[in-house]
Amino acid sequence: MVFQYTNAFVTIASVNCENLVNFYTKLLEQKPVILIPNVYTEFNLVSMRLGIFKPKNTNESEFEASAKSKISLCLEVSNLEDAIAHLTALGYPPPKDISIASHGREIYAYDPDGNRIILHQAKEELGVRS
């Protein structure tokens, strides 16, 4: 038997769903393609879909834990400084400085629920070819 799938997307659970939807609407500068208020929202990103859902009352405690997530939403940007300025204007400035990695420059930021967002500018965007 072969495991086959037709699509993949990332979802974020939040008991503060509306707040997170407002944040991502402003961050991504787009309206959701699906919006069921306080239940489920979906954005279409380049090569990916991002869903935000409110967990059912019976499952809320699973998502309320303040433990840091091991999963990050990584957004490749063409200009890291502009992306940092955008996040800062939204009231969520990255807490640390830009770091240099083998694949380019990046910085960690966090959404209103504390989910990690990695803003990444590839070497190609910097004018450096590997």
# chains A, B, ... in the order shown; residues from 1 in each chain; ligands from 1
>>> residues_around(residues="Phe63 of chain A", least_positions_apart="3", cutoff="12 Å", atoms="only C-alpha atoms", output="PDB file with N, CA, C and O atoms, in the first residue's frame")
ATOM      1  N   ILE A  12      -2.996  26.239  13.117  1.00  0.00           N
ATOM      2  CA  ILE A  12      -2.651  26.724  14.447  1.00  0.00           C
ATOM      3  C   ILE A  12      -3.935  26.724  15.264  1.00  0.00           C
ATOM      4  O   ILE A  12      -4.928  27.324  14.856  1.00  0.00           O
ATOM      5  N   ALA A  13      -3.913  26.059  16.410  1.00  0.00           N
ATOM      6  CA  ALA A  13      -5.064  26.074  17.304  1.00  0.00           C
ATOM      7  C   ALA A  13      -4.917  27.242  18.262  1.00  0.00           C
ATOM      8  O   ALA A  13      -3.818  27.541  18.730  1.00  0.00           O
ATOM      9  N   SER A  14      -6.018  27.916  18.541  1.00  0.00           N
ATOM     10  CA  SER A  14      -5.971  29.039  19.464  1.00  0.00           C
ATOM     11  C   SER A  14      -7.302  29.224  20.153  1.00  0.00           C
ATOM     12  O   SER A  14      -8.341  29.250  19.497  1.00  0.00           O
ATOM     13  N   VAL A  15      -7.262  29.360  21.472  1.00  0.00           N
ATOM     14  CA  VAL A  15      -8.476  29.691  22.202  1.00  0.00           C
ATOM     15  C   VAL A  15      -8.791  31.175  22.029  1.00  0.00           C
ATOM     16  O   VAL A  15      -9.886  31.624  22.328  1.00  0.00           O
ATOM     17  N   ASN A  16      -7.831  31.946  21.521  1.00  0.00           N
ATOM     18  CA  ASN A  16      -8.007  33.363  21.187  1.00  0.00           C
ATOM     19  C   ASN A  16      -8.017  33.519  19.670  1.00  0.00           C
ATOM     20  O   ASN A  16      -7.273  34.313  19.109  1.00  0.00           O
ATOM     21  N   CYS A  17      -8.855  32.757  19.035  1.00  0.00           N
ATOM     22  CA  CYS A  17      -8.889  32.638  17.582  1.00  0.00           C
ATOM     23  C   CYS A  17      -9.013  33.991  16.871  1.00  0.00           C
ATOM     24  O   CYS A  17      -8.253  34.276  15.945  1.00  0.00           O
ATOM     25  N   PHE A  53      -7.736  27.505  13.821  1.00  0.00           N
ATOM     26  CA  PHE A  53      -9.013  26.998  14.293  1.00  0.00           C
ATOM     27  C   PHE A  53      -9.144  27.137  15.801  1.00  0.00           C
ATOM     28  O   PHE A  53      -8.155  27.172  16.515  1.00  0.00           O
ATOM     29  N   LYS A  54     -10.377  27.243  16.247  1.00  0.00           N
ATOM     30  CA  LYS A  54     -10.667  27.265  17.673  1.00  0.00           C
ATOM     31  C   LYS A  54     -10.981  25.836  18.071  1.00  0.00           C
ATOM     32  O   LYS A  54     -11.914  25.224  17.541  1.00  0.00           O
ATOM     33  N   PRO A  55     -10.211  25.294  19.020  1.00  0.00           N
ATOM     34  CA  PRO A  55     -10.492  23.919  19.439  1.00  0.00           C
ATOM     35  C   PRO A  55     -11.849  23.822  20.140  1.00  0.00           C
ATOM     36  O   PRO A  55     -12.314  24.785  20.740  1.00  0.00           O
ATOM     37  N   LYS A  56     -12.447  22.658  20.060  1.00  0.00           N
ATOM     38  CA  LYS A  56     -13.714  22.428  20.761  1.00  0.00           C
ATOM     39  C   LYS A  56     -13.468  22.547  22.265  1.00  0.00           C
ATOM     40  O   LYS A  56     -12.360  22.299  22.743  1.00  0.00           O
ATOM     41  N   ASN A  57     -14.494  22.948  22.980  1.00  0.00           N
ATOM     42  CA  ASN A  57     -14.376  23.136  24.430  1.00  0.00           C
ATOM     43  C   ASN A  57     -13.771  21.922  25.125  1.00  0.00           C
ATOM     44  O   ASN A  57     -12.992  22.060  26.060  1.00  0.00           O
ATOM     45  N   THR A  58     -14.100  20.727  24.655  1.00  0.00           N
ATOM     46  CA  THR A  58     -13.596  19.506  25.278  1.00  0.00           C
ATOM     47  C   THR A  58     -12.095  19.322  25.058  1.00  0.00           C
ATOM     48  O   THR A  58     -11.458  18.545  25.770  1.00  0.00           O
ATOM     49  N   ASN A  59     -11.511  20.038  24.088  1.00  0.00           N
ATOM     50  CA  ASN A  59     -10.079  19.899  23.786  1.00  0.00           C
ATOM     51  C   ASN A  59      -9.261  21.143  24.134  1.00  0.00           C
ATOM     52  O   ASN A  59      -8.056  21.156  23.928  1.00  0.00           O
ATOM     53  N   GLU A  60      -9.898  22.193  24.636  1.00  0.00           N
ATOM     54  CA  GLU A  60      -9.189  23.455  24.873  1.00  0.00           C
ATOM     55  C   GLU A  60      -7.965  23.308  25.760  1.00  0.00           C
ATOM     56  O   GLU A  60      -6.935  23.910  25.511  1.00  0.00           O
ATOM     57  N   SER A  66       1.308  26.535  28.062  1.00  0.00           N
ATOM     58  CA  SER A  66       2.231  27.584  27.640  1.00  0.00           C
ATOM     59  C   SER A  66       3.578  27.035  27.181  1.00  0.00           C
ATOM     60  O   SER A  66       4.499  27.801  26.927  1.00  0.00           O
ATOM     61  N   ALA A  67       3.709  25.714  27.097  1.00  0.00           N
ATOM     62  CA  ALA A  67       4.967  25.129  26.634  1.00  0.00           C
ATOM     63  C   ALA A  67       5.258  25.597  25.214  1.00  0.00           C
ATOM     64  O   ALA A  67       4.364  25.714  24.388  1.00  0.00           O
ATOM     65  N   LYS A  68       6.522  25.861  24.942  1.00  0.00           N
ATOM     66  CA  LYS A  68       6.907  26.343  23.614  1.00  0.00           C
ATOM     67  C   LYS A  68       6.748  25.234  22.580  1.00  0.00           C
ATOM     68  O   LYS A  68       7.099  24.101  22.803  1.00  0.00           O
ATOM     69  N   SER A  69       6.225  25.617  21.431  1.00  0.00           N
ATOM     70  CA  SER A  69       6.010  24.672  20.349  1.00  0.00           C
ATOM     71  C   SER A  69       7.333  24.340  19.659  1.00  0.00           C
ATOM     72  O   SER A  69       8.215  25.181  19.554  1.00  0.00           O
ATOM     73  N   ASP A 113      -0.136  34.481  20.273  1.00  0.00           N
ATOM     74  CA  ASP A 113      -0.231  33.288  21.123  1.00  0.00           C
ATOM     75  C   ASP A 113       1.131  32.699  21.470  1.00  0.00           C
ATOM     76  O   ASP A 113       1.211  31.674  22.144  1.00  0.00           O
ATOM     77  N   GLY A 114       2.210  33.317  20.999  1.00  0.00           N
ATOM     78  CA  GLY A 114       3.549  32.814  21.284  1.00  0.00           C
ATOM     79  C   GLY A 114       4.056  31.780  20.303  1.00  0.00           C
ATOM     80  O   GLY A 114       5.099  31.168  20.531  1.00  0.00           O
ATOM     81  N   ASN A 115       3.355  31.559  19.196  1.00  0.00           N
ATOM     82  CA  ASN A 115       3.838  30.630  18.168  1.00  0.00           C
ATOM     83  C   ASN A 115       5.025  31.259  17.450  1.00  0.00           C
ATOM     84  O   ASN A 115       5.002  32.434  17.108  1.00  0.00           O
TER      85      ASN A 115
END
>>> residues_around(residues="Asp97 of chain A", least_positions_apart="3", cutoff="12 Å", atoms="only C-alpha atoms", output="list in words")
Leu80, Glu81, Ile84, Pro93, Pro94, Ile100, Arg105, Glu106, Ile107, Tyr108, Ala109 and Leu119 of chain A
>>> write_last_selection(atoms="N, CA and C atoms", output="short mmCIF file (atom, residue, chain, number, x, y, z; two decimals), in the first residue's frame")
data_model
loop_
_atom_site.label_atom_id
_atom_site.label_comp_id
_atom_site.auth_asym_id
_atom_site.auth_seq_id
_atom_site.Cartn_x
_atom_site.Cartn_y
_atom_site.Cartn_z
N LEU A 80 14.48 41.28 4.64
CA LEU A 80 14.31 40.97 6.06
C LEU A 80 14.03 42.21 6.90
N GLU A 81 14.70 43.30 6.61
CA GLU A 81 14.49 44.53 7.38
C GLU A 81 13.07 45.05 7.22
N ILE A 84 10.80 42.84 9.31
CA ILE A 84 10.95 43.16 10.73
C ILE A 84 10.19 44.45 11.05
N PRO A 93 7.55 43.04 17.73
CA PRO A 93 8.93 43.08 17.24
C PRO A 93 9.69 41.81 17.64
N PRO A 94 10.56 41.33 16.77
CA PRO A 94 11.39 40.18 17.13
C PRO A 94 12.23 40.51 18.36
N ILE A 100 22.90 34.92 11.26
CA ILE A 100 23.40 34.49 9.96
C ILE A 100 23.50 32.97 9.98
N ARG A 105 19.97 34.86 6.07
CA ARG A 105 19.76 35.56 7.33
C ARG A 105 18.36 35.26 7.83
N GLU A 106 18.21 35.22 9.17
CA GLU A 106 16.90 34.95 9.72
C GLU A 106 16.74 35.57 11.09
N ILE A 107 15.47 35.65 11.49
CA ILE A 107 15.16 36.18 12.81
C ILE A 107 13.90 35.48 13.30
N TYR A 108 13.83 35.25 14.61
CA TYR A 108 12.64 34.65 15.20
C TYR A 108 11.73 35.76 15.71
N ALA A 109 10.44 35.55 15.51
CA ALA A 109 9.42 36.44 16.04
C ALA A 109 8.31 35.53 16.59
N LEU A 119 11.37 34.48 10.14
CA LEU A 119 11.49 35.27 8.92
C LEU A 119 12.88 35.00 8.36
#
>>> residues_around(residues="Thr41 of chain A", least_positions_apart="6", cutoff="10 Å", atoms="only C-alpha atoms", output="JSON list (two decimals) with C-alpha atoms, in the first residue's frame")
[["chain", "number", "residue", "atom", "x", "y", "z"],
["A", 11, "THR", "CA", -2.97, 24.80, 11.21],
["A", 12, "ILE", "CA", -2.65, 26.72, 14.45],
["A", 17, "CYS", "CA", -8.89, 32.64, 17.58],
["A", 18, "GLU", "CA", -10.19, 36.09, 16.60],
["A", 20, "LEU", "CA", -4.81, 35.47, 15.95],
["A", 21, "VAL", "CA", -6.89, 35.85, 12.78],
["A", 31, "LYS", "CA", -8.04, 38.56, 3.88],
["A", 32, "PRO", "CA", -8.79, 34.92, 4.66],
["A", 33, "VAL", "CA", -10.19, 32.76, 1.86],
["A", 34, "ILE", "CA", -12.34, 30.90, 4.40],
["A", 35, "LEU", "CA", -13.78, 32.63, 7.46],
["A", 50, "LEU", "CA", -2.40, 28.29, 6.80],
["A", 51, "GLY", "CA", -5.44, 27.39, 8.86],
["A", 52, "ILE", "CA", -6.36, 28.78, 12.28],
["A", 53, "PHE", "CA", -9.01, 27.00, 14.29],
["A", 54, "LYS", "CA", -10.67, 27.27, 17.67]]
>>> select_by_dssp(residues="segment 54-98 of chain A", states="strand (DSSP E)", output="list in words")
Ser72, Leu73, Cys74, Leu75 and Glu76 of chain A
>>> write_last_selection(atoms="C-alpha atoms", output="compact mmCIF listing (two decimals), in the first residue's frame")
# COMPACT_ATOMS: atom_id res chain seq x y z
CA SER A 72 7.70 27.10 13.46
CA LEU A 73 5.97 28.96 10.65
CA CYS A 74 8.86 29.91 8.36
CA LEU A 75 8.23 32.72 5.90
CA GLU A 76 10.87 33.43 3.29
>>> select_by_dssp(residues="segment 4-97 of chain A", states="helix (DSSP H, G or I)", output="PyMOL selection string")
chain A and resi 17-28+57-64+80-89
>>> decode(residues="segment 18-98 of chain A", atoms="C-alpha atoms", output="PDB file, in the first residue's frame")
ATOM      1  CA  GLU A  18     -10.190  36.092  16.598  1.00  0.00           C
ATOM      2  CA  ASN A  19      -7.054  37.819  17.927  1.00  0.00           C
ATOM      3  CA  LEU A  20      -4.808  35.468  15.951  1.00  0.00           C
ATOM      4  CA  VAL A  21      -6.888  35.845  12.783  1.00  0.00           C
ATOM      5  CA  ASN A  22      -6.584  39.647  13.055  1.00  0.00           C
ATOM      6  CA  PHE A  23      -2.802  39.359  13.542  1.00  0.00           C
ATOM      7  CA  TYR A  24      -2.274  37.096  10.498  1.00  0.00           C
ATOM      8  CA  THR A  25      -4.622  39.199   8.353  1.00  0.00           C
ATOM      9  CA  LYS A  26      -2.380  42.200   9.070  1.00  0.00           C
ATOM     10  CA  LEU A  27       0.915  40.283   8.905  1.00  0.00           C
ATOM     11  CA  LEU A  28       0.128  38.595   5.584  1.00  0.00           C
ATOM     12  CA  GLU A  29      -1.688  41.680   4.244  1.00  0.00           C
ATOM     13  CA  GLN A  30      -4.536  39.569   2.909  1.00  0.00           C
ATOM     14  CA  LYS A  31      -8.036  38.561   3.883  1.00  0.00           C
ATOM     15  CA  PRO A  32      -8.790  34.923   4.664  1.00  0.00           C
ATOM     16  CA  VAL A  33     -10.194  32.759   1.861  1.00  0.00           C
ATOM     17  CA  ILE A  34     -12.341  30.902   4.396  1.00  0.00           C
ATOM     18  CA  LEU A  35     -13.777  32.633   7.456  1.00  0.00           C
ATOM     19  CA  ILE A  36     -16.144  30.959   9.885  1.00  0.00           C
ATOM     20  CA  PRO A  37     -15.956  33.402  12.827  1.00  0.00           C
ATOM     21  CA  ASN A  38     -14.532  31.896  16.009  1.00  0.00           C
ATOM     22  CA  VAL A  39     -14.416  28.421  14.416  1.00  0.00           C
ATOM     23  CA  TYR A  40     -12.015  28.233  11.442  1.00  0.00           C
ATOM     24  CA  THR A  41     -10.123  30.608   9.184  1.00  0.00           C
ATOM     25  CA  GLU A  42      -7.836  29.834   6.261  1.00  0.00           C
ATOM     26  CA  PHE A  43      -5.285  31.854   4.311  1.00  0.00           C
ATOM     27  CA  ASN A  44      -3.740  30.795   1.002  1.00  0.00           C
ATOM     28  CA  LEU A  45      -0.010  31.433   1.078  1.00  0.00           C
ATOM     29  CA  VAL A  46       2.471  30.856  -1.722  1.00  0.00           C
ATOM     30  CA  SER A  47       2.827  27.057  -1.921  1.00  0.00           C
ATOM     31  CA  MET A  48       1.003  26.561   1.393  1.00  0.00           C
ATOM     32  CA  ARG A  49      -2.266  27.027   3.216  1.00  0.00           C
ATOM     33  CA  LEU A  50      -2.398  28.289   6.798  1.00  0.00           C
ATOM     34  CA  GLY A  51      -5.441  27.393   8.859  1.00  0.00           C
ATOM     35  CA  ILE A  52      -6.361  28.776  12.281  1.00  0.00           C
ATOM     36  CA  PHE A  53      -9.013  26.998  14.293  1.00  0.00           C
ATOM     37  CA  LYS A  54     -10.667  27.265  17.673  1.00  0.00           C
ATOM     38  CA  PRO A  55     -10.492  23.919  19.439  1.00  0.00           C
ATOM     39  CA  LYS A  56     -13.714  22.428  20.761  1.00  0.00           C
ATOM     40  CA  ASN A  57     -14.376  23.136  24.430  1.00  0.00           C
ATOM     41  CA  THR A  58     -13.596  19.506  25.278  1.00  0.00           C
ATOM     42  CA  ASN A  59     -10.079  19.899  23.786  1.00  0.00           C
ATOM     43  CA  GLU A  60      -9.189  23.455  24.873  1.00  0.00           C
ATOM     44  CA  SER A  61      -6.929  22.388  27.738  1.00  0.00           C
ATOM     45  CA  GLU A  62      -4.662  20.587  25.262  1.00  0.00           C
ATOM     46  CA  PHE A  63      -3.975  23.884  23.488  1.00  0.00           C
ATOM     47  CA  GLU A  64      -3.814  26.246  26.485  1.00  0.00           C
ATOM     48  CA  ALA A  65      -0.465  24.929  27.731  1.00  0.00           C
ATOM     49  CA  SER A  66       2.231  27.584  27.640  1.00  0.00           C
ATOM     50  CA  ALA A  67       4.967  25.129  26.634  1.00  0.00           C
ATOM     51  CA  LYS A  68       6.907  26.343  23.614  1.00  0.00           C
ATOM     52  CA  SER A  69       6.010  24.672  20.349  1.00  0.00           C
ATOM     53  CA  LYS A  70       8.608  22.727  18.406  1.00  0.00           C
ATOM     54  CA  ILE A  71       7.006  23.750  15.126  1.00  0.00           C
ATOM     55  CA  SER A  72       7.703  27.096  13.460  1.00  0.00           C
ATOM     56  CA  LEU A  73       5.971  28.957  10.646  1.00  0.00           C
ATOM     57  CA  CYS A  74       8.858  29.909   8.363  1.00  0.00           C
ATOM     58  CA  LEU A  75       8.225  32.724   5.904  1.00  0.00           C
ATOM     59  CA  GLU A  76      10.866  33.431   3.294  1.00  0.00           C
ATOM     60  CA  VAL A  77      10.979  37.164   2.597  1.00  0.00           C
ATOM     61  CA  SER A  78      12.748  39.233  -0.035  1.00  0.00           C
ATOM     62  CA  ASN A  79      13.769  41.958   2.436  1.00  0.00           C
ATOM     63  CA  LEU A  80      14.310  40.972   6.056  1.00  0.00           C
ATOM     64  CA  GLU A  81      14.494  44.533   7.378  1.00  0.00           C
ATOM     65  CA  ASP A  82      11.142  45.407   5.775  1.00  0.00           C
ATOM     66  CA  ALA A  83       9.561  42.279   7.280  1.00  0.00           C
ATOM     67  CA  ILE A  84      10.945  43.162  10.731  1.00  0.00           C
ATOM     68  CA  ALA A  85       9.580  46.705  10.395  1.00  0.00           C
ATOM     69  CA  HIS A  86       6.168  45.286   9.443  1.00  0.00           C
ATOM     70  CA  LEU A  87       6.065  42.978  12.499  1.00  0.00           C
ATOM     71  CA  THR A  88       7.256  45.808  14.729  1.00  0.00           C
ATOM     72  CA  ALA A  89       4.498  48.093  13.405  1.00  0.00           C
ATOM     73  CA  LEU A  90       1.979  45.364  14.322  1.00  0.00           C
ATOM     74  CA  GLY A  91       3.311  45.458  17.888  1.00  0.00           C
ATOM     75  CA  TYR A  92       5.263  42.179  17.755  1.00  0.00           C
ATOM     76  CA  PRO A  93       8.930  43.080  17.245  1.00  0.00           C
ATOM     77  CA  PRO A  94      11.390  40.181  17.129  1.00  0.00           C
ATOM     78  CA  PRO A  95      13.054  39.867  20.561  1.00  0.00           C
ATOM     79  CA  LYS A  96      16.570  39.177  19.256  1.00  0.00           C
ATOM     80  CA  ASP A  97      18.933  40.309  16.511  1.00  0.00           C
ATOM     81  CA  ILE A  98      19.233  38.874  13.003  1.00  0.00           C
TER      82      ILE A  98
END
